[in-house]
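Q: Pasting run-v8.cif here (mmCIF, C-alpha atoms and all ligand atoms):
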data_work
#
loop_
_atom_site.label_atom_id
_atom_site.label_comp_id
_atom_site.auth_asym_id
_atom_site.auth_seq_id
_atom_site.Cartn_x
_atom_site.Cartn_y
_atom_site.Cartn_z
CA MET I 7 -27.46 45.38 -5.57
CA ALA I 8 -24.88 46.32 -2.96
CA GLY I 9 -27.33 48.94 -1.69
CA VAL I 10 -30.09 46.36 -1.14
CA ALA I 11 -27.68 43.97 0.58
CA HIS I 12 -26.48 46.85 2.68
CA SER I 13 -29.93 47.98 3.69
CA SER I 14 -31.08 44.47 4.52
CA LEU I 15 -27.98 44.03 6.65
CA CYS I 16 -28.90 47.26 8.39
CA LEU I 17 -32.43 45.98 8.94
CA THR I 18 -31.11 42.71 10.36
CA LEU I 19 -28.79 44.60 12.68
CA LEU I 20 -31.63 46.85 13.74
CA ILE I 21 -33.83 43.86 14.58
CA VAL I 22 -31.00 42.21 16.51
CA MET I 23 -30.39 45.42 18.43
CA ILE I 24 -34.06 45.87 19.25
CA THR I 25 -34.25 42.25 20.42
CA ILE I 26 -31.17 42.61 22.61
CA SER I 27 -32.16 45.93 24.10
CA SER I 28 -35.80 45.11 24.76
CA PRO I 29 -36.36 44.74 28.50
CA VAL I 30 -36.59 41.25 29.97
CA SER I 31 -39.86 42.42 31.47
CA ALA I 32 -41.43 42.01 28.05
CA GLN I 33 -41.60 38.35 29.00
CA LEU I 34 -43.92 39.00 31.94
CA SER I 35 -47.54 38.49 31.08
CA VAL I 36 -50.84 38.48 32.94
CA SER I 37 -51.67 35.10 31.37
CA PHE I 38 -48.36 33.44 32.28
CA TYR I 39 -50.06 30.96 34.65
CA GLY I 40 -53.19 30.64 32.51
CA ASN I 41 -52.60 26.91 32.01
CA THR I 42 -50.44 25.96 34.95
CA CYS I 43 -52.17 27.82 37.79
CA PRO I 44 -55.27 29.63 36.58
CA SER I 45 -56.60 30.30 40.09
CA VAL I 46 -53.48 32.08 41.33
CA PHE I 47 -55.03 35.58 41.26
CA ASP I 48 -58.21 34.45 43.03
CA THR I 49 -56.26 32.55 45.65
CA VAL I 50 -53.99 35.49 46.47
CA ARG I 51 -56.89 37.96 46.61
CA THR I 52 -58.87 35.79 49.02
CA ALA I 53 -55.83 35.33 51.27
CA ILE I 54 -55.01 39.05 51.27
CA ARG I 55 -58.58 39.89 52.25
CA SER I 56 -58.44 37.63 55.26
CA ALA I 57 -54.95 38.80 56.24
CA ILE I 58 -56.10 42.45 56.18
CA ASN I 59 -59.29 41.58 58.04
CA ARG I 60 -57.13 40.06 60.75
CA GLU I 61 -54.79 43.06 60.83
CA ALA I 62 -55.34 46.14 58.66
CA ARG I 63 -51.67 47.14 58.85
CA MET I 64 -50.66 43.95 57.04
CA GLY I 65 -51.67 45.49 53.71
CA ALA I 66 -49.19 48.30 54.25
CA SER I 67 -46.47 45.89 55.32
CA LEU I 68 -46.86 43.85 52.13
CA ILE I 69 -46.79 46.93 49.87
CA ARG I 70 -43.51 47.91 51.50
CA LEU I 71 -42.10 44.39 51.25
CA PHE I 72 -42.69 44.41 47.51
CA PHE I 73 -40.87 47.75 47.21
CA HIS I 74 -37.93 46.41 49.22
CA ASP I 75 -37.81 43.31 47.01
CA CYS I 76 -37.82 45.19 43.71
CA PHE I 77 -35.20 47.83 44.60
CA VAL I 78 -32.58 45.18 45.37
CA ASN I 79 -31.54 43.09 42.34
CA GLY I 80 -35.02 43.47 40.90
CA CYS I 81 -38.31 41.80 41.89
CA ASP I 82 -36.83 38.38 42.56
CA GLY I 83 -38.14 37.35 45.99
CA GLY I 84 -34.65 37.97 47.40
CA VAL I 85 -36.04 39.83 50.41
CA LEU I 86 -37.92 36.71 51.48
CA LEU I 87 -34.83 34.53 52.07
CA ASP I 88 -33.99 33.74 55.68
CA ASP I 89 -30.51 34.15 57.08
CA ASN I 90 -28.87 31.04 58.48
CA GLY I 91 -25.41 30.00 59.67
CA SER I 92 -24.00 30.00 56.15
CA PHE I 93 -26.18 32.57 54.38
CA VAL I 94 -26.70 36.30 54.86
CA GLY I 95 -29.73 37.71 53.10
CA GLU I 96 -31.56 41.04 53.05
CA LYS I 97 -33.67 40.68 56.16
CA THR I 98 -30.98 42.21 58.35
CA ALA I 99 -30.24 45.15 56.05
CA LEU I 100 -30.68 48.59 57.65
CA ALA I 101 -34.15 49.26 56.26
CA ASN I 102 -35.43 45.72 56.95
CA ASN I 103 -34.01 44.62 60.28
CA ASN I 104 -36.74 44.56 62.96
CA SER I 105 -38.93 46.35 60.45
CA ALA I 106 -39.87 44.39 57.32
CA ARG I 107 -42.91 42.23 58.03
CA GLY I 108 -45.50 40.07 56.34
CA PHE I 109 -43.31 37.03 55.70
CA GLU I 110 -45.75 34.62 57.37
CA VAL I 111 -48.55 35.90 55.14
CA ILE I 112 -46.46 35.28 52.02
CA ASP I 113 -45.62 31.76 53.29
CA ASN I 114 -49.28 31.09 53.88
CA ILE I 115 -50.33 32.33 50.43
CA LYS I 116 -47.58 30.27 48.77
CA THR I 117 -48.93 27.15 50.52
CA ARG I 118 -52.48 27.92 49.43
CA VAL I 119 -51.51 28.66 45.83
CA ASP I 120 -49.46 25.47 45.57
CA GLN I 121 -52.38 23.50 47.00
CA ALA I 122 -54.85 25.09 44.61
CA CYS I 123 -52.67 24.32 41.60
CA GLY I 124 -51.42 20.94 42.72
CA ARG I 125 -47.70 21.76 42.63
CA SER I 126 -45.16 24.51 43.14
CA VAL I 127 -45.38 26.50 39.92
CA VAL I 128 -45.91 30.12 41.01
CA SER I 129 -42.81 32.01 42.17
CA CYS I 130 -42.57 33.79 45.49
CA ALA I 131 -41.62 36.96 43.60
CA ASP I 132 -44.93 36.85 41.69
CA ILE I 133 -46.93 36.11 44.83
CA LEU I 134 -45.41 39.21 46.47
CA ALA I 135 -46.18 41.36 43.42
CA ILE I 136 -49.82 40.21 43.35
CA ALA I 137 -50.13 40.52 47.14
CA ALA I 138 -48.95 44.15 47.00
CA ARG I 139 -51.51 45.05 44.32
CA ASP I 140 -54.32 43.29 46.17
CA SER I 141 -53.33 45.11 49.36
CA VAL I 142 -53.53 48.48 47.60
CA VAL I 143 -56.98 47.60 46.29
CA GLU I 144 -58.25 46.16 49.57
CA LEU I 145 -57.22 49.35 51.40
CA GLY I 146 -59.17 51.44 48.89
CA GLY I 147 -56.49 52.37 46.37
CA PRO I 148 -56.42 52.03 42.59
CA THR I 149 -56.24 48.70 40.82
CA TYR I 150 -53.75 47.83 38.09
CA SER I 151 -52.67 44.74 36.24
CA VAL I 152 -49.84 42.55 37.51
CA PRO I 153 -47.97 40.81 34.68
CA VAL I 154 -46.32 37.66 36.06
CA GLY I 155 -43.67 35.12 35.15
CA ARG I 156 -40.93 36.33 37.52
CA ARG I 157 -38.65 33.65 38.88
CA ASP I 158 -37.03 33.52 42.30
CA ALA I 159 -33.43 34.40 42.98
CA ARG I 160 -30.99 31.89 44.38
CA THR I 161 -29.11 34.72 46.07
CA ALA I 162 -29.79 37.94 47.96
CA SER I 163 -27.72 41.00 48.81
CA ARG I 164 -27.61 42.73 52.17
CA ASP I 165 -25.09 45.22 50.80
CA GLY I 166 -27.39 45.90 47.86
CA ALA I 167 -30.29 46.52 50.23
CA ASN I 168 -28.18 48.87 52.34
CA THR I 169 -27.18 50.82 49.23
CA ASN I 170 -30.42 50.87 47.25
CA LEU I 171 -33.15 51.35 49.84
CA PRO I 172 -33.88 54.90 50.96
CA SER I 173 -33.44 56.02 54.56
CA PHE I 174 -35.77 58.02 56.80
CA SER I 175 -32.96 60.54 57.19
CA HIS I 176 -32.70 61.26 53.45
CA ASN I 177 -33.12 64.72 51.98
CA LEU I 178 -34.77 65.42 48.64
CA ASP I 179 -31.51 65.07 46.67
CA ASP I 180 -30.86 61.65 48.22
CA LEU I 181 -34.39 60.48 47.44
CA ILE I 182 -34.19 61.67 43.84
CA ARG I 183 -30.86 59.86 43.43
CA VAL I 184 -31.99 56.56 44.99
CA PHE I 185 -35.07 56.42 42.76
CA SER I 186 -33.31 57.68 39.68
CA ASN I 187 -30.81 54.81 40.10
CA GLN I 188 -33.79 52.50 39.49
CA GLY I 189 -35.04 54.54 36.54
CA PHE I 190 -37.73 56.58 38.28
CA THR I 191 -38.40 60.26 37.71
CA GLU I 192 -38.87 62.71 40.55
CA ARG I 193 -42.61 62.70 39.90
CA GLU I 194 -42.72 58.89 40.05
CA MET I 195 -40.72 59.02 43.29
CA VAL I 196 -43.26 61.41 44.81
CA ALA I 197 -46.14 59.22 43.59
CA LEU I 198 -44.61 56.03 45.03
CA SER I 199 -43.97 57.82 48.33
CA GLY I 200 -47.74 58.21 48.52
CA ALA I 201 -47.73 54.59 49.75
CA HIS I 202 -47.12 56.27 53.11
CA THR I 203 -50.83 56.97 53.05
CA VAL I 204 -51.00 53.64 54.90
CA GLY I 205 -49.02 51.94 57.63
CA GLN I 206 -46.93 52.74 60.65
CA ALA I 207 -43.39 53.73 61.55
CA GLN I 208 -41.36 53.08 64.68
CA CYS I 209 -40.18 55.87 66.97
CA VAL I 210 -36.55 55.09 66.11
CA THR I 211 -37.24 56.30 62.55
CA PHE I 212 -38.84 59.65 63.49
CA ARG I 213 -37.42 60.59 66.92
CA ASP I 214 -34.81 62.86 65.43
CA ARG I 215 -37.40 64.66 63.38
CA ILE I 216 -39.96 65.30 66.12
CA TYR I 217 -37.31 66.69 68.51
CA ASN I 218 -34.90 68.40 66.14
CA ASP I 219 -36.43 69.33 62.79
CA ALA I 220 -37.60 72.90 62.26
CA ASN I 221 -39.98 72.19 59.39
CA ILE I 222 -42.61 70.52 61.56
CA ASP I 223 -45.98 71.63 62.91
CA ALA I 224 -45.43 72.28 66.63
CA ALA I 225 -48.63 70.65 67.86
CA PHE I 226 -47.93 67.61 65.73
CA ALA I 227 -44.39 67.30 67.10
CA THR I 228 -45.64 67.55 70.68
CA SER I 229 -48.28 64.92 70.16
CA ARG I 230 -45.81 62.49 68.57
CA GLN I 231 -43.28 63.11 71.34
CA ALA I 232 -45.80 61.79 73.86
CA ASN I 233 -45.34 58.27 72.49
CA CYS I 234 -41.71 58.57 71.37
CA PRO I 235 -39.57 59.49 74.37
CA ARG I 236 -35.92 60.48 74.51
CA PRO I 237 -33.29 59.21 74.81
CA ALA I 238 -32.96 56.16 72.58
CA PRO I 239 -33.59 53.31 72.99
CA ASN I 240 -36.64 54.26 75.07
CA GLY I 241 -39.74 53.47 73.09
CA ASP I 242 -37.73 52.78 69.94
CA GLY I 243 -40.40 50.38 68.69
CA ASN I 244 -43.43 52.55 69.52
CA LEU I 245 -45.61 53.09 66.48
CA ALA I 246 -47.16 56.15 64.87
CA PRO I 247 -49.15 56.34 61.63
CA LEU I 248 -47.29 57.65 58.57
CA ASP I 249 -50.54 59.33 57.50
CA PRO I 250 -52.03 60.92 60.61
CA GLN I 251 -55.57 60.96 59.21
CA SER I 252 -56.29 57.49 57.89
CA PRO I 253 -53.49 54.93 58.23
CA ASN I 254 -55.63 52.06 57.00
CA ARG I 255 -57.24 53.83 54.09
CA PHE I 256 -55.36 54.34 50.83
CA GLY I 257 -55.81 57.88 49.50
CA ASN I 258 -54.04 61.19 48.90
CA ASN I 259 -54.29 62.56 52.48
CA TYR I 260 -50.58 61.97 52.92
CA TYR I 261 -49.80 64.90 50.63
CA GLN I 262 -52.06 67.27 52.57
CA ALA I 263 -50.24 66.20 55.74
CA LEU I 264 -46.94 67.19 54.12
CA ILE I 265 -48.33 70.59 53.19
CA ASN I 266 -49.37 70.98 56.85
CA ARG I 267 -45.80 70.09 57.88
CA ARG I 268 -47.07 66.88 59.43
CA GLY I 269 -44.88 64.44 57.59
CA LEU I 270 -43.78 61.82 60.12
CA LEU I 271 -40.36 61.01 58.68
CA HIS I 272 -37.69 63.55 57.88
CA SER I 273 -37.69 61.99 54.38
CA ASP I 274 -41.46 62.49 54.05
CA GLN I 275 -41.24 66.20 54.81
CA ALA I 276 -38.28 66.49 52.41
CA LEU I 277 -40.86 66.16 49.60
CA PHE I 278 -42.47 69.43 50.70
CA ASN I 279 -39.72 71.63 52.01
CA GLY I 280 -39.34 74.47 49.56
CA GLY I 281 -37.77 72.37 46.79
CA SER I 282 -38.61 71.09 43.32
CA SER I 283 -41.11 68.46 44.49
CA ASP I 284 -43.38 70.93 46.34
CA SER I 285 -45.47 71.49 43.23
CA ILE I 286 -45.92 67.73 42.70
CA VAL I 287 -47.05 67.28 46.31
CA THR I 288 -49.53 70.14 45.92
CA MET I 289 -50.81 68.66 42.67
CA TYR I 290 -51.39 65.19 44.18
CA SER I 291 -53.05 66.69 47.26
CA ASN I 292 -55.52 68.47 44.96
CA ASN I 293 -55.98 65.68 42.45
CA GLY I 294 -56.66 62.23 43.83
CA ASN I 295 -57.23 60.85 40.34
CA ALA I 296 -53.81 61.96 39.14
CA PHE I 297 -52.28 60.37 42.23
CA ASN I 298 -54.13 57.09 41.71
CA THR I 299 -53.14 56.91 38.04
CA ASP I 300 -49.50 57.81 38.62
CA PHE I 301 -49.21 55.51 41.63
CA ALA I 302 -50.65 52.55 39.72
CA ASN I 303 -48.37 53.14 36.72
CA ALA I 304 -45.33 53.50 38.95
CA MET I 305 -46.18 50.24 40.75
CA ILE I 306 -46.38 48.44 37.40
CA LYS I 307 -43.03 49.97 36.48
CA MET I 308 -41.57 48.88 39.80
CA GLY I 309 -42.81 45.35 39.16
CA ASN I 310 -40.83 45.34 35.92
CA LEU I 311 -37.49 46.00 37.61
CA ASN I 312 -35.07 43.29 36.41
CA PRO I 313 -37.20 40.20 36.87
CA LEU I 314 -35.56 36.81 36.38
CA THR I 315 -37.42 35.02 33.60
CA GLY I 316 -37.27 31.89 31.46
CA SER I 317 -34.80 29.45 32.96
CA GLN I 318 -33.08 32.05 35.17
CA GLY I 319 -33.35 31.46 38.92
CA GLU I 320 -35.97 28.99 40.09
CA VAL I 321 -39.49 28.67 41.44
CA ARG I 322 -38.89 28.29 45.14
CA VAL I 323 -40.85 25.64 47.03
CA ASN I 324 -40.32 27.48 50.31
CA CYS I 325 -40.13 31.27 49.97
CA ARG I 326 -37.63 31.43 52.85
CA ARG I 327 -34.93 29.28 51.27
CA VAL I 328 -33.49 28.35 47.92
CA ASN I 329 -34.52 24.92 46.65
C1 LIG I 401 -39.17 57.68 49.44
C2 LIG I 401 -38.36 56.99 50.19
C3 LIG I 401 -38.87 56.13 51.33
C4 LIG I 401 -38.36 56.09 52.58
C5 LIG I 401 -37.18 56.88 53.11
C6 LIG I 401 -39.15 55.15 53.33
C7 LIG I 401 -38.94 54.83 54.66
C8 LIG I 401 -39.84 54.14 55.43
C9 LIG I 401 -39.69 53.92 56.85
C10 LIG I 401 -38.52 54.39 57.70
C11 LIG I 401 -40.79 53.26 57.26
C12 LIG I 401 -41.10 52.82 58.70
C13 LIG I 401 -40.46 51.47 58.96
C14 LIG I 401 -40.47 51.09 60.42
O1 LIG I 401 -40.53 51.96 61.28
O2 LIG I 401 -40.40 49.87 60.72
C15 LIG I 401 -41.62 53.03 56.13
C16 LIG I 401 -42.82 52.39 56.15
C17 LIG I 401 -43.58 52.12 55.03
N1 LIG I 401 -43.19 52.35 53.72
FE1 LIG I 401 -41.69 53.52 53.13
N2 LIG I 401 -40.12 54.65 52.52
C18 LIG I 401 -39.98 55.20 51.28
C19 LIG I 401 -40.72 54.89 50.15
C20 LIG I 401 -41.70 53.94 50.12
C21 LIG I 401 -42.27 53.39 48.91
C22 LIG I 401 -41.83 53.73 47.50
C23 LIG I 401 -43.23 52.50 49.31
C24 LIG I 401 -44.11 51.63 48.47
C25 LIG I 401 -44.45 51.86 47.22
C26 LIG I 401 -43.27 52.53 50.75
C27 LIG I 401 -44.16 51.86 51.53
C28 LIG I 401 -44.18 51.89 52.92
C29 LIG I 401 -45.28 51.40 53.71
C30 LIG I 401 -46.61 50.91 53.17
C31 LIG I 401 -44.89 51.53 55.04
C32 LIG I 401 -45.66 51.08 56.29
C33 LIG I 401 -45.28 49.63 56.55
C34 LIG I 401 -45.94 49.00 57.75
O3 LIG I 401 -46.82 49.59 58.40
O4 LIG I 401 -45.54 47.86 58.07
N3 LIG I 401 -42.30 53.37 51.20
N4 LIG I 401 -41.01 53.56 55.02
C1 LIG I 402 -30.60 43.29 63.60
O1 LIG I 402 -31.30 43.46 64.80
C2 LIG I 402 -30.89 42.61 65.85
C3 LIG I 402 -31.89 42.74 66.99
O2 LIG I 402 -32.07 44.07 67.36
C4 LIG I 402 -29.48 42.98 66.23
O3 LIG I 402 -29.02 42.18 67.29
C5 LIG I 402 -28.59 42.80 65.02
O4 LIG I 402 -27.28 43.24 65.32
C6 LIG I 402 -29.12 43.57 63.82
N1 LIG I 402 -28.38 43.17 62.64
C7 LIG I 402 -27.76 44.04 61.88
C8 LIG I 402 -27.01 43.48 60.73
O5 LIG I 402 -27.77 45.23 62.08
C1 LIG I 403 -29.12 28.57 54.31
O1 LIG I 403 -29.86 29.33 53.38
C2 LIG I 403 -29.46 29.16 52.05
C3 LIG I 403 -30.28 30.11 51.20
O2 LIG I 403 -31.65 29.86 51.35
C4 LIG I 403 -29.66 27.71 51.63
O3 LIG I 403 -29.16 27.53 50.33
C5 LIG I 403 -28.93 26.79 52.58
O4 LIG I 403 -29.26 25.45 52.28
C6 LIG I 403 -29.30 27.09 54.01
N1 LIG I 403 -28.48 26.32 54.91
C7 LIG I 403 -28.98 25.64 55.94
C8 LIG I 403 -27.99 24.93 56.79
O5 LIG I 403 -30.18 25.59 56.16
#
How would this structure read if it were set down as structure tokens?
A:
Amino acid sequence: MAGVAHSSLCLTLLIVMITISSPVSAQLSVSFYGNTCPSVFDTVRTAIRSAINREARMGASLIRLFFHDCFVNGCDGGVLLDDNGSFVGEKTALANNNSARGFEVIDNIKTRVDQACGRSVVSCADILAIAARDSVVELGGPTYSVPVGRRDARTASRDGANTNLPSFSHNLDDLIRVFSNQGFTEREMVALSGAHTVGQAQCVTFRDRIYNDANIDAAFATSRQANCPRPAPNGDGNLAPLDPQSPNRFGNNYYQALINRRGLLHSDQALFNGGSSDSIVTMYSNNGNAFNTDFANAMIKMGNLNPLTGSQGEVRVNCRRVN
């Protein structure tokens, strides 16, 4: 019977190993608030609609905020924490300082959700995840499900944000590395970059490109230079659309712009610059359905990055500070 004992021990070990190695994200579920806050999805959707009606760009800003949350210690609402005299958070990290926006909208939604459900039970991290999805949909992009149950961090990491978030000056190798560090393939990286179909960038992020890069359409460079003077800091905050055709409409135009050498950021054009991602860009520019499907799946995957669950972290009362 030693063989039976041995094989059942093996089975037990196998089960233990599967349990230990299964991702924490398995605990996220669309029905997590089914009893405690059943109206959370309706409340967020309504609030996102009015926020985008007030300012179309806000949808883009919230999609980006979700990305910047998830790439730093996972989707834990860390990006939402305010700095104060004794606390340094992520808001002043390179990619966020004077750039990340939408915090007031998240505050407002948190207040509405807590009112609707009678107490503070939905995390700020979940509100941001739902807000990002609803923004994609409201701007005309694909829908996807948002499993919830994330809890909010009691810490944040400016160093982590500086290390993990990509820069506008990155080349293809840098971009592949930054996304691969979070478990994303090159194709998923190119799909997620398609979020630049919406929103705006500040002159400080593309000045170098429009004056110095060679891989840029000349007429496009000239037209962008008109609103982004040299030298810095002149016009540093002046805005230009990341997708020249339709900055408030979610679609695959962004990829066609890259093929036309009209990527606004150096990092955008790096995706179509004679390297391994050219074929992916071409494919997405020809196949809006493939882009929508891959983008939605990659957003779900991003939402699964290291969430705090169970009794980890907390459900913040105020998204800007730990309880
Ligand atoms: C691939 C590497 C990426 C780089 C280097 C990058 C960099 C940037 C930069 C520099 C801006 C302009 C910020 C400013 O001027 O204030 C920006 C805006 C934006 N990014 Fe990215 N990004 C990347 C990937 C992503 C991803 C994966 C998403 C979301 C899934 C995203 C969503 C956005 C959106 C929607 C905006 C416009 C925000 C607004 O109008 O407020 N980006 N990005
Ligand atoms: C963030 O921006 C402010 C205002 O431009 C600047 O004074 C500050 O030094 C920046 N913080 C960091 C950490 O770069
Ligand atoms: C500063 O922020 C941290 C993190 O939110 C919080 O724990 C702390 O109470 C805040 N301190 C003050 C003085 O507000």
Q: How close does each residue of stretch 25-74 of chain I get to stretch 106-125 of chain I, giving the shortest atom pair and distance in Å to one decimal for every residue with an atom at most 7 Å away, counting all atoms listed in the file, sorted by chain and residue number, as a tab-separated table?
A:
residue	atom	partner	partner_atom	distance
I:Cys43	CA	I:Cys123	CA	5.2
I:Val46	CA	I:Val119	CA	6.0
I:Thr49	CA	I:Val119	CA	6.1
I:Val50	CA	I:Ile115	CA	6.3
I:Ala53	CA	I:Ile115	CA	6.3
I:Met64	CA	I:Gly108	CA	6.5
I:Ser67	CA	I:Arg107	CA	5.8
I:Leu68	CA	I:Gly108	CA	5.8
I:Leu71	CA	I:Ala106	CA	6.5
Q: Show me which residues sit within 10 Å of ligand LIG 403 (chain I) when counting only C-alpha atoms and all ligand atoms, and put them as a list in words.
A: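 Counting only C-alpha atoms and all ligand atoms, the residues within 10 Å of ligand LIG 403 (chain I) come out as Gly84, Leu86, Leu87, Asp88, Asp89, Asn90, Gly91, Ser92, Phe93, Val94, Gly95, Ala159, Arg160, Thr161, Ala162, Arg322, Asn324, Cys325, Arg326, Arg327, Val328 and Asn329 of chain I.
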Q: Write out, as a CSV table (one decimal), in the frame of the given file, the residues just selected, with C-alpha atoms.
A:
chain,number,residue,atom,x,y,z
I,84,GLY,CA,-34.6,38.0,47.4
I,86,LEU,CA,-37.9,36.7,51.5
I,87,LEU,CA,-34.8,34.5,52.1
I,88,ASP,CA,-34.0,33.7,55.7
I,89,ASP,CA,-30.5,34.2,57.1
I,90,ASN,CA,-28.9,31.0,58.5
I,91,GLY,CA,-25.4,30.0,59.7
I,92,SER,CA,-24.0,30.0,56.2
I,93,PHE,CA,-26.2,32.6,54.4
I,94,VAL,CA,-26.7,36.3,54.9
I,95,GLY,CA,-29.7,37.7,53.1
I,159,ALA,CA,-33.4,34.4,43.0
I,160,ARG,CA,-31.0,31.9,44.4
I,161,THR,CA,-29.1,34.7,46.1
I,162,ALA,CA,-29.8,37.9,48.0
I,322,ARG,CA,-38.9,28.3,45.1
I,324,ASN,CA,-40.3,27.5,50.3
I,325,CYS,CA,-40.1,31.3,50.0
I,326,ARG,CA,-37.6,31.4,52.8
I,327,ARG,CA,-34.9,29.3,51.3
I,328,VAL,CA,-33.5,28.4,47.9
I,329,ASN,CA,-34.5,24.9,46.6
Q: Fewer than 6 positions away in the same chain doesn't count, so skip those; otherwise give me all residues within 10 Å of I:Ser173, counting all atoms listed in the file, as a PDB file with C-alpha atoms, in the frame of the given file.
A:
ATOM      1  CA  LEU I 100     -30.680  48.590  57.650  1.00  0.00           C
ATOM      2  CA  ALA I 101     -34.150  49.260  56.260  1.00  0.00           C
ATOM      3  CA  ASP I 180     -30.860  61.650  48.220  1.00  0.00           C
ATOM      4  CA  LEU I 181     -34.390  60.480  47.440  1.00  0.00           C
ATOM      5  CA  VAL I 184     -31.990  56.560  44.990  1.00  0.00           C
ATOM      6  CA  THR I 211     -37.240  56.300  62.550  1.00  0.00           C
ATOM      7  CA  LEU I 271     -40.360  61.010  58.680  1.00  0.00           C
ATOM      8  CA  HIS I 272     -37.690  63.550  57.880  1.00  0.00           C
ATOM      9  CA  SER I 273     -37.690  61.990  54.380  1.00  0.00           C
TER      10      SER I 273
END
Q: Select, from I:Pro239, I:Gly80, I:Pro247, I:Gly146, the residue with the minimum atom-to-atom distance to I:Asp132, counting all atoms listed in the file.
A: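 Using all atoms listed in the file, I:Asp132 sits closest to I:Gly80.
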Q: Of the residues I:Ala201, I:Leu171, I:Leu264, I:Ala232, which is the one nearest to I:Phe301, using only C-alpha atoms?
A: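 Of I:Ala201, I:Leu171, I:Leu264, I:Ala232, the one nearest I:Phe301, counting only C-alpha atoms, is I:Ala201.
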Q: May I have the residues within 6 Å of I:Gln262 as a list in words, using only C-alpha atoms and disregarding those fewer than 3 positions away in the same chain?
A: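 The residues that qualify are Asn259, Ile265 and Ser291 of chain I.
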Q: Please report, as JSON lines, each residue of chain I lying at most 6 Å from ligand LIG 401 (chain I), together with the nearest pair of atoms and the separation in Å rounded to one decimal; use all atoms listed in the file, and order rows by chain and ascending residue number.
A:
{"residue": "I:Arg63", "atom": "CA", "partner": "I:LIG401", "partner_atom": "O3", "distance": 5.5}
{"residue": "I:Ala66", "atom": "CA", "partner": "I:LIG401", "partner_atom": "C30", "distance": 3.8}
{"residue": "I:Ser67", "atom": "CA", "partner": "I:LIG401", "partner_atom": "O4", "distance": 3.5}
{"residue": "I:Ile69", "atom": "CA", "partner": "I:LIG401", "partner_atom": "C30", "distance": 5.2}
{"residue": "I:Arg70", "atom": "CA", "partner": "I:LIG401", "partner_atom": "C27", "distance": 4.0}
{"residue": "I:Phe73", "atom": "CA", "partner": "I:LIG401", "partner_atom": "C24", "distance": 5.2}
{"residue": "I:Ser105", "atom": "CA", "partner": "I:LIG401", "partner_atom": "O2", "distance": 3.8}
{"residue": "I:Pro172", "atom": "CA", "partner": "I:LIG401", "partner_atom": "C5", "distance": 4.4}
{"residue": "I:Ser173", "atom": "CA", "partner": "I:LIG401", "partner_atom": "C5", "distance": 4.1}
{"residue": "I:Phe174", "atom": "CA", "partner": "I:LIG401", "partner_atom": "C5", "distance": 4.1}
{"residue": "I:Leu181", "atom": "CA", "partner": "I:LIG401", "partner_atom": "C1", "distance": 5.9}
{"residue": "I:Leu198", "atom": "CA", "partner": "I:LIG401", "partner_atom": "C22", "distance": 4.4}
{"residue": "I:Ser199", "atom": "CA", "partner": "I:LIG401", "partner_atom": "C22", "distance": 4.7}
{"residue": "I:Ala201", "atom": "CA", "partner": "I:LIG401", "partner_atom": "C27", "distance": 4.8}
{"residue": "I:His202", "atom": "CA", "partner": "I:LIG401", "partner_atom": "C29", "distance": 5.2}
{"residue": "I:Val204", "atom": "CA", "partner": "I:LIG401", "partner_atom": "C30", "distance": 5.5}
{"residue": "I:Gly205", "atom": "CA", "partner": "I:LIG401", "partner_atom": "O3", "distance": 3.3}
{"residue": "I:Gln206", "atom": "CA", "partner": "I:LIG401", "partner_atom": "O3", "distance": 3.9}
{"residue": "I:Ala207", "atom": "CA", "partner": "I:LIG401", "partner_atom": "O1", "distance": 3.4}
{"residue": "I:Gln208", "atom": "CA", "partner": "I:LIG401", "partner_atom": "O1", "distance": 3.7}
{"residue": "I:Thr211", "atom": "CA", "partner": "I:LIG401", "partner_atom": "C10", "distance": 5.4}
{"residue": "I:Ser273", "atom": "CA", "partner": "I:LIG401", "partner_atom": "C5", "distance": 5.3}
Q: Give me the residues near I:Ala197 as a ChimeraX atom specification, where near means some atom within 12 Å (using only C-alpha atoms) and where sequence neighbours in that chain fewer than 2 positions away do not count.
A: /I:185,190-195,199-203,257-258,260-261,274,277,283,286-291,293-305,308
Q: Find the residues near ligand LIG 402 (chain I). Use a cut-off of 7 Å, count all atoms listed in the file, and write them as a list in words.
A: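 Written in the requested form, the residues are Thr98, Ala99, Leu100, Asn103 and Asn104 of chain I.
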Q: Write a file of the selected residues as a PDB file, keeping the file's coordinate frame, keeping C-alpha atoms.
A:
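Output saved as out_38.pdb:
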ATOM      1  CA  THR I  98     -30.980  42.210  58.350  1.00  0.00           C
ATOM      2  CA  ALA I  99     -30.240  45.150  56.050  1.00  0.00           C
ATOM      3  CA  LEU I 100     -30.680  48.590  57.650  1.00  0.00           C
ATOM      4  CA  ASN I 103     -34.010  44.620  60.280  1.00  0.00           C
ATOM      5  CA  ASN I 104     -36.740  44.560  62.960  1.00  0.00           C
TER       6      ASN I 104
END
Q: Residues at most 12 Å from I:Arg230, counting all atoms listed in the file, excluding those fewer than 2 positions away in the same chain, as a PyMOL selection string?
A: chain I and resi 207-209+212-217+222-228+232-236+241+244-248+250+268-271
Q: So what do you get for atom CA of I:Asn168 versus atom CA of I:Arg183, distance-wise?
A: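 These atoms are spaced 14.4 Å apart.
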Q: Looking at all atoms listed in the file, which of I:Pro237, I:Pro313, I:Gly147, I:Pro153 is the one that sits closest to I:Phe77?
A: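 Comparing I:Pro237, I:Pro313, I:Gly147, I:Pro153 against I:Phe77, the winner is I:Pro313.
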Q: Please measure the separation of atom CA of I:Ser282 and atom CA of I:Thr169, giving the value in Å to one decimal.
A: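 Interatomic distance here is 24.0 Å.
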Q: Fewer than 3 positions away in the same chain doesn't count, so skip those; otherwise give me all residues within 10 Å of I:Phe47, counting all atoms listed in the file, as number ranges by chain.
A: I: 36, 39, 43-44, 50-52, 119, 133, 136-137, 140, 152
